[in-house]
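As provided, input17.txt (compact mmCIF, C-alpha atoms) reads as follows.
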# COMPACT_ATOMS: atom_id res chain seq x y z
CA MET A 1 113.27 94.19 100.80
CA PRO A 2 110.43 94.25 103.38
CA LEU A 3 107.14 92.57 102.49
CA LEU A 4 104.53 95.08 101.31
CA PHE A 5 100.87 95.33 102.28
CA HIS A 6 98.08 96.70 100.07
CA SER A 7 94.61 98.03 100.89
CA THR A 8 91.53 96.00 100.01
CA ASN A 9 89.99 99.22 98.62
CA GLY A 10 92.95 99.68 96.28
CA GLN A 11 93.20 103.46 96.65
CA SER A 12 96.08 103.77 99.14
CA PRO A 13 99.83 103.26 98.65
CA ASP A 14 101.41 99.98 99.67
CA VAL A 15 103.16 100.06 103.06
CA ASN A 16 105.55 97.89 105.04
CA LEU A 17 104.61 95.96 108.17
CA ARG A 18 105.62 98.73 110.58
CA ASP A 19 103.39 101.27 108.85
CA ALA A 20 100.53 98.81 108.44
CA LEU A 21 100.47 98.17 112.20
CA LEU A 22 100.82 101.82 113.19
CA ILE A 23 98.21 103.05 110.70
CA GLY A 24 95.72 100.23 111.39
CA GLN A 25 93.09 101.01 108.77
CA ALA A 26 94.31 102.18 105.37
CA PRO A 27 93.58 105.84 104.50
CA ASP A 28 91.03 104.74 101.87
CA ARG A 29 89.17 102.85 104.65
CA GLY A 30 90.31 99.52 103.28
CA LEU A 31 92.13 96.79 105.22
CA TYR A 32 95.74 95.79 104.69
CA LEU A 33 96.71 92.42 103.24
CA PRO A 34 100.13 91.13 102.17
CA ARG A 35 100.79 91.91 98.52
CA GLU A 36 102.16 88.36 98.34
CA PHE A 37 101.87 85.60 100.94
CA PRO A 38 105.22 84.08 101.90
CA LYS A 39 105.34 80.32 101.43
CA LEU A 40 106.42 77.63 103.86
CA THR A 41 107.88 74.47 102.37
CA HIS A 42 106.93 70.88 103.16
CA HIS A 43 110.22 70.65 105.05
CA ASP A 44 109.36 73.76 107.10
CA LEU A 45 105.95 72.37 108.07
CA ALA A 46 107.33 68.96 108.97
CA GLY A 47 109.86 70.60 111.30
CA PHE A 48 107.11 72.30 113.33
CA ALA A 49 106.21 68.97 114.97
CA LYS A 50 109.28 69.22 117.21
CA LEU A 51 108.96 72.90 118.12
CA PRO A 52 107.24 74.58 121.09
CA TYR A 53 104.56 77.16 120.36
CA HIS A 54 106.77 80.24 120.66
CA ALA A 55 109.29 78.76 118.21
CA ILE A 56 106.58 78.04 115.62
CA ALA A 57 105.36 81.63 116.08
CA PHE A 58 108.87 82.86 115.34
CA GLU A 59 109.21 80.69 112.22
CA VAL A 60 105.86 81.88 110.83
CA LEU A 61 106.12 85.57 111.75
CA ARG A 62 109.69 86.08 110.59
CA ARG A 63 108.39 85.58 107.05
CA PHE A 64 106.56 88.89 107.49
CA THR A 65 109.06 90.86 109.58
CA GLY A 66 112.17 90.60 107.40
CA GLY A 67 113.80 94.01 106.99
CA ILE A 68 111.67 95.40 109.85
CA ILE A 69 112.75 93.43 112.94
CA ASP A 70 115.89 91.33 113.24
CA ASP A 71 115.39 87.64 113.97
CA GLU A 72 116.98 87.73 117.41
CA ALA A 73 114.61 90.46 118.62
CA LEU A 74 111.58 88.74 117.12
CA GLU A 75 112.49 85.44 118.74
CA GLU A 76 112.63 87.13 122.14
CA LEU A 77 109.24 88.83 121.54
CA CYS A 78 107.67 85.47 120.69
CA ARG A 79 109.16 83.78 123.73
CA ASP A 80 107.83 86.58 125.96
CA ALA A 81 104.36 86.69 124.37
CA TYR A 82 103.65 82.96 124.49
CA ALA A 83 104.71 81.82 127.94
CA TYR A 84 101.55 79.80 128.59
CA ALA A 85 100.06 76.44 127.64
CA VAL A 86 98.24 75.76 124.36
CA PRO A 87 96.44 72.45 125.00
CA LEU A 88 95.21 70.30 122.12
CA GLU A 89 92.56 68.15 123.82
CA PRO A 90 91.50 64.86 122.20
CA VAL A 91 87.72 64.44 122.15
CA ARG A 92 86.70 61.26 123.93
CA GLY A 93 85.09 58.73 121.58
CA LEU A 94 86.16 60.43 118.34
CA ASP A 95 89.22 59.41 116.35
CA ARG A 96 91.68 62.22 115.49
CA VAL A 97 89.28 64.98 116.55
CA CYS A 98 90.62 67.53 119.02
CA VAL A 99 89.63 70.78 120.64
CA LEU A 100 92.30 73.47 120.58
CA ARG A 101 92.06 75.27 123.94
CA LEU A 102 92.97 78.86 123.20
CA ASP A 103 91.78 79.90 126.66
CA GLN A 104 94.92 79.67 128.79
CA GLY A 105 96.40 83.13 128.25
CA PRO A 106 96.26 86.10 130.65
CA THR A 107 92.63 86.98 129.83
CA LEU A 108 91.53 83.41 129.06
CA SER A 109 90.63 84.12 125.44
CA PHE A 110 92.07 83.38 122.01
CA LYS A 111 92.44 87.14 121.58
CA ASP A 112 95.52 86.95 123.83
CA PHE A 113 97.47 85.26 121.03
CA ALA A 114 97.05 88.25 118.74
CA ALA A 115 96.96 91.09 121.27
CA ARG A 116 100.13 90.16 123.15
CA MET A 117 102.28 89.91 120.03
CA MET A 118 100.69 93.01 118.50
CA ALA A 119 101.32 95.05 121.65
CA ARG A 120 104.97 94.01 121.69
CA LEU A 121 105.45 94.87 118.02
CA ILE A 122 103.69 98.23 118.21
CA GLY A 123 105.43 99.08 121.48
CA ARG A 124 108.77 98.42 119.81
CA PHE A 125 107.88 100.53 116.76
CA VAL A 126 106.67 103.43 118.92
CA ARG A 127 109.87 103.40 120.97
CA GLU A 128 111.96 103.34 117.79
CA ASN A 129 110.04 106.33 116.41
CA GLY A 130 110.06 108.22 119.73
CA GLN A 131 106.34 108.91 119.37
CA THR A 132 103.11 108.33 121.28
CA LEU A 133 100.10 106.47 119.91
CA THR A 134 96.45 106.14 120.85
CA ILE A 135 95.01 102.68 120.24
CA LEU A 136 91.27 102.60 119.54
CA THR A 137 89.49 99.27 119.66
CA ALA A 138 85.88 98.14 119.68
CA THR A 139 84.92 94.91 121.41
CA SER A 140 81.94 92.62 121.48
CA GLY A 141 83.44 90.66 124.36
CA ASP A 142 86.96 89.26 124.59
CA THR A 143 88.92 91.61 122.32
CA GLY A 144 88.72 94.50 124.77
CA SER A 145 90.04 92.58 127.75
CA ALA A 146 92.87 91.04 125.73
CA VAL A 147 93.87 94.38 124.21
CA ALA A 148 93.65 96.19 127.53
CA SER A 149 95.79 93.54 129.22
CA ALA A 150 98.34 93.39 126.40
CA PHE A 151 98.84 97.18 126.15
CA HIS A 152 98.62 97.88 129.89
CA GLY A 153 101.78 99.70 130.93
CA VAL A 154 103.30 99.79 127.42
CA GLU A 155 105.34 102.98 127.17
CA GLY A 156 104.13 105.50 124.59
CA ILE A 157 100.72 103.84 124.18
CA ARG A 158 97.29 104.95 125.35
CA ALA A 159 94.43 102.48 124.71
CA ILE A 160 90.73 103.36 124.57
CA VAL A 161 88.34 100.40 124.40
CA LEU A 162 84.69 100.77 123.33
CA PHE A 163 82.17 98.13 124.36
CA PRO A 164 78.36 97.80 124.00
CA LEU A 165 76.83 98.34 127.41
CA GLY A 166 74.77 95.33 128.43
CA GLU A 167 76.18 92.92 125.82
CA VAL A 168 79.33 91.71 127.55
CA SER A 169 79.48 89.38 130.52
CA ALA A 170 80.36 90.81 133.95
CA ARG A 171 83.75 89.11 133.95
CA GLN A 172 84.54 90.20 130.40
CA ARG A 173 83.70 93.78 131.40
CA LYS A 174 85.75 93.69 134.60
CA GLN A 175 88.83 92.48 132.74
CA MET A 176 88.76 95.87 130.97
CA THR A 177 87.28 98.29 133.48
CA THR A 178 89.51 97.43 136.44
CA LEU A 179 92.70 98.48 134.66
CA ARG A 180 94.05 102.03 135.03
CA GLU A 181 97.13 104.00 133.93
CA ASN A 182 97.19 104.06 130.11
CA ILE A 183 93.93 102.11 129.64
CA ARG A 184 90.46 103.71 129.38
CA THR A 185 87.17 101.92 128.69
CA LEU A 186 84.11 103.53 127.16
CA ALA A 187 80.63 101.99 127.38
CA ILE A 188 78.45 102.76 124.36
CA ASP A 189 74.65 102.65 124.61
CA GLY A 190 74.37 100.56 121.45
CA LYS A 191 75.60 97.49 119.61
CA PHE A 192 79.07 96.25 118.76
CA ASP A 193 78.56 97.45 115.20
CA ASP A 194 77.95 100.96 116.59
CA CYS A 195 81.24 100.75 118.50
CA GLN A 196 83.08 99.54 115.42
CA ALA A 197 81.51 102.25 113.24
CA LEU A 198 82.62 104.97 115.68
CA VAL A 199 86.18 103.67 115.64
CA ARG A 200 86.35 103.37 111.86
CA ARG A 201 84.89 106.86 111.39
CA ALA A 202 87.47 108.32 113.76
CA PHE A 203 90.31 106.88 111.68
CA ALA A 204 88.98 108.63 108.58
CA ASP A 205 88.16 111.97 110.29
CA PRO A 206 90.44 114.85 109.13
CA ALA A 207 89.63 116.68 112.38
CA LEU A 208 91.49 113.97 114.32
CA LYS A 209 94.60 113.83 112.15
CA ARG A 210 96.54 115.63 114.88
CA ILE A 211 96.02 112.61 117.13
CA PRO A 212 98.16 109.59 116.14
CA LEU A 213 95.59 106.77 116.05
CA SER A 214 95.79 103.07 115.36
CA SER A 215 93.56 100.06 115.91
CA ALA A 216 93.86 96.84 117.85
CA ASN A 217 90.72 95.37 116.32
CA SER A 218 91.11 92.71 113.69
CA ILE A 219 90.93 95.47 111.09
CA ASN A 220 94.65 95.76 111.96
CA ILE A 221 96.77 93.20 110.12
CA GLY A 222 98.87 92.95 113.28
CA ARG A 223 96.00 91.02 114.85
CA LEU A 224 95.70 88.48 112.06
CA LEU A 225 99.28 87.43 111.43
CA PRO A 226 99.79 86.01 114.96
CA GLN A 227 96.43 84.23 114.70
CA SER A 228 97.72 82.18 111.79
CA VAL A 229 100.26 80.52 114.07
CA TYR A 230 97.98 78.24 116.07
CA TYR A 231 96.69 76.57 112.91
CA PHE A 232 100.25 75.53 112.08
CA TYR A 233 100.76 74.43 115.69
CA ALA A 234 97.61 72.27 115.79
CA ALA A 235 98.31 70.67 112.41
CA ALA A 236 101.89 69.87 113.44
CA ARG A 237 100.62 68.10 116.57
CA LEU A 238 97.75 66.14 114.97
CA ALA A 239 98.26 65.68 111.22
CA GLN A 240 100.97 63.91 109.29
CA PRO A 241 103.21 66.18 107.17
CA GLY A 242 101.24 67.22 104.10
CA GLU A 243 97.97 65.71 105.36
CA PRO A 244 94.95 68.02 104.92
CA ILE A 245 93.14 68.96 108.12
CA VAL A 246 89.68 70.30 108.95
CA PHE A 247 89.37 73.36 111.20
CA ALA A 248 86.12 74.59 112.76
CA VAL A 249 86.33 78.23 113.83
CA PRO A 250 83.45 79.99 115.64
CA SER A 251 83.27 83.32 113.84
CA GLY A 252 82.07 86.86 114.51
CA ASN A 253 84.21 89.59 112.96
CA PHE A 254 86.08 86.82 111.05
CA GLY A 255 89.59 87.77 112.20
CA ASP A 256 90.15 84.28 113.61
CA MET A 257 88.93 82.76 110.37
CA MET A 258 91.33 85.00 108.42
CA GLY A 259 94.19 83.58 110.47
CA ALA A 260 93.33 80.19 108.95
CA ILE A 261 93.08 81.71 105.47
CA ILE A 262 96.55 83.23 105.89
CA ALA A 263 97.92 79.87 107.05
CA GLY A 264 96.38 78.21 104.02
CA GLN A 265 97.84 80.82 101.68
CA MET A 266 101.25 80.17 103.24
CA GLY A 267 101.01 76.47 102.45
CA LEU A 268 99.20 74.74 105.31
CA PRO A 269 97.02 71.96 103.77
CA ILE A 270 93.46 72.66 104.94
CA LYS A 271 90.82 70.17 103.80
CA ARG A 272 87.89 72.40 104.79
CA LEU A 273 87.44 75.51 106.88
CA VAL A 274 84.20 75.36 108.90
CA VAL A 275 83.09 78.86 109.96
CA PRO A 276 79.86 78.66 111.99
CA VAL A 277 78.27 81.88 113.24
CA ASN A 278 75.54 82.61 115.79
CA GLY A 279 72.20 84.24 114.96
CA ASN A 280 74.05 86.88 112.94
CA ASP A 281 73.97 84.63 109.89
CA GLU A 282 74.79 87.06 107.06
CA PHE A 283 77.80 84.97 105.99
CA PRO A 284 76.19 81.53 105.52
CA ARG A 285 73.42 83.26 103.56
CA PHE A 286 76.05 84.98 101.41
CA LEU A 287 77.84 81.68 100.83
CA ALA A 288 74.57 80.02 99.82
CA THR A 289 73.16 82.77 97.59
CA GLY A 290 76.06 84.98 96.52
CA ARG A 291 74.11 87.98 97.85
CA TYR A 292 75.49 89.86 100.84
CA ASP A 293 73.06 91.59 103.20
CA LYS A 294 74.24 93.07 106.48
CA ILE A 295 72.22 92.50 109.64
CA GLU A 296 71.40 95.90 111.11
CA PRO A 297 71.28 96.11 114.04
CA SER A 298 73.25 93.03 114.93
CA ARG A 299 71.41 90.39 116.96
CA ALA A 300 72.27 89.92 120.63
CA CYS A 301 73.15 86.24 121.14
CA LEU A 302 74.50 84.05 123.91
CA SER A 303 77.90 83.92 122.18
CA ASN A 304 78.22 87.67 122.63
CA ALA A 305 81.73 88.13 121.24
CA MET A 306 80.32 87.02 117.86
CA ASN A 307 77.46 89.54 117.72
CA VAL A 308 78.56 91.12 114.45
CA GLY A 309 76.09 92.04 111.72
CA HIS A 310 78.78 93.07 109.23
CA PRO A 311 82.17 91.38 109.76
CA SER A 312 84.86 93.79 108.63
CA ASN A 313 87.23 90.96 107.71
CA LEU A 314 84.92 89.76 104.95
CA ALA A 315 86.62 92.43 102.84
CA ARG A 316 89.87 90.52 103.24
CA LEU A 317 88.27 87.15 102.51
CA VAL A 318 86.61 88.53 99.38
CA ALA A 319 89.98 89.98 98.27
CA VAL A 320 91.80 86.66 98.71
CA TYR A 321 89.18 85.06 96.46
CA GLY A 322 89.55 87.67 93.73
CA GLY A 323 86.75 90.12 94.60
CA GLN A 324 86.45 93.55 96.18
CA MET A 325 84.18 94.59 99.06
CA ASP A 326 84.31 98.10 100.48
CA GLU A 327 83.98 99.04 104.15
CA THR A 328 80.19 99.42 103.89
CA GLY A 329 79.75 95.82 102.69
CA ARG A 330 79.12 96.70 99.06
CA ILE A 331 80.64 94.14 96.69
CA ASN A 332 82.11 95.93 93.69
CA PHE A 333 83.68 92.79 92.20
CA ALA A 334 82.35 89.37 93.10
CA PRO A 335 84.78 86.82 94.51
CA ASP A 336 85.08 83.31 93.11
CA MET A 337 81.99 81.90 94.82
CA ALA A 338 82.65 78.36 93.57
CA ALA A 339 86.07 78.39 95.24
CA LEU A 340 84.63 79.89 98.45
CA ARG A 341 82.02 77.14 98.62
CA ARG A 342 84.66 74.50 97.93
CA ASP A 343 86.94 75.70 100.72
CA LEU A 344 84.51 76.98 103.37
CA PHE A 345 81.42 75.61 105.10
CA SER A 346 79.21 77.84 107.24
CA THR A 347 76.02 77.56 109.24
CA GLY A 348 74.09 79.68 111.70
CA VAL A 349 73.66 78.42 115.29
CA SER A 350 70.79 79.64 117.43
CA ASP A 351 70.99 80.23 121.19
CA GLU A 352 68.78 77.19 121.70
CA GLN A 353 71.20 75.06 119.68
CA THR A 354 74.13 76.58 121.55
CA ARG A 355 72.72 75.56 124.93
CA ALA A 356 71.81 72.09 123.65
CA THR A 357 75.34 71.66 122.27
CA ILE A 358 76.95 72.55 125.60
CA GLN A 359 74.81 69.85 127.21
CA GLN A 360 75.42 67.30 124.46
CA ALA A 361 79.20 67.83 124.38
CA TRP A 362 79.41 67.27 128.13
CA THR A 363 77.08 64.26 128.14
CA ASP A 364 78.61 62.51 125.14
CA HIS A 365 82.29 63.41 125.48
CA GLU A 366 82.84 65.08 128.89
CA LEU A 367 83.82 68.08 126.78
CA LEU A 368 83.29 71.38 128.60
CA LEU A 369 82.47 74.22 126.23
CA GLU A 370 81.33 77.80 126.68
CA PRO A 371 78.90 79.45 124.21
CA HIS A 372 81.45 80.41 121.55
CA GLY A 373 83.14 77.03 121.56
CA ALA A 374 79.70 75.44 121.44
CA VAL A 375 78.94 77.33 118.22
CA GLY A 376 82.18 75.97 116.80
CA TRP A 377 81.34 72.42 117.88
CA ARG A 378 77.79 72.65 116.51
CA GLY A 379 79.13 73.89 113.18
CA PHE A 380 81.55 70.97 113.08
CA LEU A 381 78.72 68.50 113.76
CA ASP A 382 76.66 70.13 110.99
CA TYR A 383 79.58 69.84 108.57
CA VAL A 384 80.51 66.18 109.10
CA PRO A 385 77.38 64.68 107.44
CA THR A 386 78.06 66.76 104.32
CA GLU A 387 81.64 65.52 103.97
CA PRO A 388 82.58 62.60 106.27
CA LEU A 389 86.03 62.82 107.79
CA ASN A 390 87.00 59.24 106.83
CA GLY A 391 89.95 59.38 109.19
CA SER A 392 91.04 62.94 108.40
CA PRO A 393 92.21 64.98 111.40
CA ALA A 394 89.95 67.76 112.64
CA VAL A 395 90.37 70.57 115.16
CA VAL A 396 87.59 72.65 116.72
CA LEU A 397 88.66 75.93 118.33
CA GLU A 398 87.52 76.76 121.87
CA THR A 399 88.04 80.49 122.05
CA ALA A 400 87.22 81.45 125.66
CA HIS A 401 87.38 79.86 129.09
CA PRO A 402 84.07 78.43 130.38
CA ALA A 403 84.65 80.25 133.69
CA LYS A 404 83.95 83.54 131.89
CA PHE A 405 80.32 82.39 131.53
CA PRO A 406 79.53 80.79 134.91
CA GLU A 407 75.81 81.60 134.95
CA GLU A 408 75.12 79.83 131.66
CA ILE A 409 77.24 76.79 132.51
CA GLU A 410 75.50 76.51 135.89
CA LYS A 411 72.05 76.69 134.28
CA ILE A 412 72.85 74.15 131.58
CA LEU A 413 75.13 71.65 133.33
CA GLY A 414 74.32 72.19 136.99
CA PHE A 415 77.83 73.07 138.13
CA THR A 416 80.10 76.10 138.04
CA PRO A 417 83.41 75.81 136.16
CA THR A 418 86.57 76.08 138.21
CA VAL A 419 87.60 79.73 138.20
CA PRO A 420 91.28 80.49 137.50
CA PRO A 421 92.83 82.70 140.21
CA ALA A 422 93.32 85.70 137.91
CA LEU A 423 89.62 85.72 137.05
CA ALA A 424 88.46 85.23 140.64
CA ALA A 425 90.54 88.23 141.74
CA LEU A 426 88.48 90.53 139.52
CA ASP A 427 85.47 90.23 141.81
CA LYS A 428 87.29 92.28 144.45
CA LEU A 429 88.41 95.09 142.13
CA ALA A 430 86.56 98.38 141.57
CA GLU A 431 85.44 99.29 138.05
CA ASP A 432 85.91 102.64 136.37
CA TYR A 433 84.66 103.47 132.88
CA ASP A 434 83.08 106.26 130.85
CA ARG A 435 79.76 106.15 129.01
CA LEU A 436 78.48 107.69 125.76
CA ALA A 437 75.47 107.47 123.48
CA VAL A 438 75.88 106.43 119.84
CA ASN A 439 76.89 109.91 118.73
CA TYR A 440 79.99 110.47 116.64
CA ALA A 441 80.35 114.18 117.47
CA ALA A 442 80.36 113.32 121.18
CA PHE A 443 82.93 110.57 120.58
CA ARG A 444 85.17 112.92 118.59
CA ASP A 445 85.01 115.46 121.43
CA TYR A 446 85.83 112.70 123.91
CA LEU A 447 88.96 111.72 121.95
CA SER A 448 90.05 115.37 121.64
CA GLU A 449 89.60 115.94 125.36
CA ARG A 450 91.47 112.77 126.31
CA HIS A 451 94.31 113.75 123.95
CA ALA A 452 94.50 117.30 125.36
CA ALA A 453 94.57 115.89 128.88
CA GLY A 454 97.64 113.85 127.99

Step by step, read the file and then write its structure as structure tokens.
Amino acid sequence: MPLLFHSTNGQSPDVNLRDALLIGQAPDRGLYLPREFPKLTHHDLAGFAKLPYHAIAFEVLRRFTGGIIDDEALEELCRDAYAYAVPLEPVRGLDRVCVLRLDQGPTLSFKDFAARMMARLIGRFVRENGQTLTILTATSGDTGSAVASAFHGVEGIRAIVLFPLGEVSARQRKQMTTLRENIRTLAIDGKFDDCQALVRRAFADPALKRIPLSSANSINIGRLLPQSVYYFYAAARLAQPGEPIVFAVPSGNFGDMMGAIIAGQMGLPIKRLVVPVNGNDEFPRFLATGRYDKIEPSRACLSNAMNVGHPSNLARLVAVYGGQMDETGRINFAPDMAALRRDLFSTGVSDEQTRATIQQAWTDHELLLEPHGAVGWRGFLDYVPTEPLNGSPAVVLETAHPAKFPEEIEKILGFTPTVPPALAALDKLAEDYDRLAVNYAAFRDYLSERHAAG
């Protein structure tokens, strides 16, 4: 019997994994979560220490794909998706503290881990169904490039990526806008939240029902399940079997954080989950007060991929802790705030602190961070005085390659990071993208025209 997924809004039927991925957002505008989280045993977790990354991915994901994809096919998908290094870098001068470098994939971002597996799964489902599918995704930085790269050339898939004009770095933008064929990028004269709102409204629009749509944002559960894997991987490399571990996860739309929550629900012992944000600090204020207030419009910060004034994945977090939040951010049933405060620590990090942290990490530890990783590191440093590690292992996630932010690194540290060949090649490629105002009617017409054009 395949595992079932329910909507956080509770008004849509349960679905299996295939339907959850192809639908993206539930019809009631809620987000899909497993009805029950499969459990990994102590023996399972101990065995991960001897496995390469792709094999751990297979062992974790097969708990969700039973009855949908046979093990042999899934194992091959995992091997194909994760054919790159996943370095766990010890921090000089600190005992059992490491940085997990999730910046070695094709687009040099942690989003590659989710997008590549999701593209392979959806591509397989589309081929099995003999259908075509339009993927809509909104990006505040790295999601768009990872999604565009992962779905580029996938048969039966057309991907349209929305990004806020002026709020992504030049190299982030070029990773999307230099692709052709089945990929189209759309610059929106607004904020990330405007992009995300346009996408979510399109999914719920009866006038677009004739167009098969799905999402590659972290509103799609297909993004989150693969992101749980690297928490198991890091713990298996650093912690003893059964030993609780601290993770610090720089957070924007909270999909990465939900990967850790899923891992914890599956049995990974997590001592504390540190979820620092940038100037969009609605979550630490919610954790402190129990009152949730969106930030509208979202604040433009140096860590641009985290410029989210209302993280959609909070609905999932609230659901895991017994509450219910709808897509607008209204909390209809409060979660267990005492448990949230016990398990999570959050703080807001200003741009000034971000720059100072990049300098401090390099000076103190020869640790090269970009703005998002610096937010994660600053949050970790803020957490430690509140609950000393006392020898516990800790992992801070670095979510993008420093070479994607050369101007900032040059200004702060006085040198330019070494640019990987794939990124350097972008400078010679021509860009091509469309542009729209924040206007849903115009966006709906755009989708209809693109669909009619085939």

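Near Pro241 of chain A, within a cut-off of 8 Å and counting all atoms listed in the file, sit the residues A:His42, A:Leu45, A:Ala46, A:Ala236, A:Ala239, A:Glu243, with same-chain residues fewer than 2 positions away left out.
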
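Residues lying within 12 Å of Arg201 of chain A, counting all atoms listed in the file and ignoring same-chain neighbours fewer than 3 positions away, are Gln25, Pro27, Asp28, Arg29, Leu136, Asp193, Asp194, Cys195, Gln196, Ala197, Leu198, Ala204, Asp205, Pro206, Ala207, Leu208, Lys209, Leu213, Ser215, Glu327, Thr328, Asn439, Tyr440, Ala441, Phe443 and Arg444 of chain A.
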
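Candidate residues A:Trp362, A:Tyr233, A:Phe125, A:Phe58 were compared for distance to Leu88 of chain A, and the nearest is A:Tyr233, using only C-alpha atoms.
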
List the neighbours of segment 253-266 of chain A out to 9 Å using only C-alpha atoms; skip same-chain residues closer than 3 positions along the sequence, and give me the result as a PDB file with C-alpha atoms, in the frame of the given file.
ATOM      1  CA  PHE A  37     101.870  85.600 100.940  1.00  0.00           C
ATOM      2  CA  PRO A  38     105.220  84.080 101.900  1.00  0.00           C
ATOM      3  CA  LYS A  39     105.340  80.320 101.430  1.00  0.00           C
ATOM      4  CA  LEU A  40     106.420  77.630 103.860  1.00  0.00           C
ATOM      5  CA  THR A  41     107.880  74.470 102.370  1.00  0.00           C
ATOM      6  CA  PHE A 110      92.070  83.380 122.010  1.00  0.00           C
ATOM      7  CA  LYS A 111      92.440  87.140 121.580  1.00  0.00           C
ATOM      8  CA  ASN A 217      90.720  95.370 116.320  1.00  0.00           C
ATOM      9  CA  SER A 218      91.110  92.710 113.690  1.00  0.00           C
ATOM     10  CA  ILE A 219      90.930  95.470 111.090  1.00  0.00           C
ATOM     11  CA  ARG A 223      96.000  91.020 114.850  1.00  0.00           C
ATOM     12  CA  LEU A 224      95.700  88.480 112.060  1.00  0.00           C
ATOM     13  CA  LEU A 225      99.280  87.430 111.430  1.00  0.00           C
ATOM     14  CA  PRO A 226      99.790  86.010 114.960  1.00  0.00           C
ATOM     15  CA  GLN A 227      96.430  84.230 114.700  1.00  0.00           C
ATOM     16  CA  SER A 228      97.720  82.180 111.790  1.00  0.00           C
ATOM     17  CA  VAL A 229     100.260  80.520 114.070  1.00  0.00           C
ATOM     18  CA  TYR A 230      97.980  78.240 116.070  1.00  0.00           C
ATOM     19  CA  TYR A 231      96.690  76.570 112.910  1.00  0.00           C
ATOM     20  CA  PHE A 232     100.250  75.530 112.080  1.00  0.00           C
ATOM     21  CA  PHE A 247      89.370  73.360 111.200  1.00  0.00           C
ATOM     22  CA  ALA A 248      86.120  74.590 112.760  1.00  0.00           C
ATOM     23  CA  VAL A 249      86.330  78.230 113.830  1.00  0.00           C
ATOM     24  CA  PRO A 250      83.450  79.990 115.640  1.00  0.00           C
ATOM     25  CA  PRO A 269      97.020  71.960 103.770  1.00  0.00           C
ATOM     26  CA  ILE A 270      93.460  72.660 104.940  1.00  0.00           C
ATOM     27  CA  LEU A 273      87.440  75.510 106.880  1.00  0.00           C
ATOM     28  CA  VAL A 274      84.200  75.360 108.900  1.00  0.00           C
ATOM     29  CA  VAL A 275      83.090  78.860 109.960  1.00  0.00           C
ATOM     30  CA  ALA A 305      81.730  88.130 121.240  1.00  0.00           C
ATOM     31  CA  MET A 306      80.320  87.020 117.860  1.00  0.00           C
ATOM     32  CA  ASN A 307      77.460  89.540 117.720  1.00  0.00           C
ATOM     33  CA  VAL A 308      78.560  91.120 114.450  1.00  0.00           C
ATOM     34  CA  GLY A 309      76.090  92.040 111.720  1.00  0.00           C
ATOM     35  CA  HIS A 310      78.780  93.070 109.230  1.00  0.00           C
ATOM     36  CA  PRO A 311      82.170  91.380 109.760  1.00  0.00           C
ATOM     37  CA  SER A 312      84.860  93.790 108.630  1.00  0.00           C
ATOM     38  CA  ASN A 313      87.230  90.960 107.710  1.00  0.00           C
ATOM     39  CA  LEU A 314      84.920  89.760 104.950  1.00  0.00           C
ATOM     40  CA  ARG A 316      89.870  90.520 103.240  1.00  0.00           C
ATOM     41  CA  LEU A 317      88.270  87.150 102.510  1.00  0.00           C
ATOM     42  CA  VAL A 320      91.800  86.660  98.710  1.00  0.00           C
TER      43      VAL A 320
END

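The nearest approach to Ala235 of chain A among the residues A:Pro212, A:Pro284, A:Pro402, A:Gly267, with all atoms listed in the file taken into account, belongs to A:Gly267.
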
Using all atoms listed in the file, which of A:Gly166, A:Gly30, A:Gly24, A:Gly391 sits nearest Asp95 of chain A?
A:Gly391

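Across the model, the gap from atom CA of Pro406 of chain A to atom CA of Thr354 of chain A is 15.0 Å.
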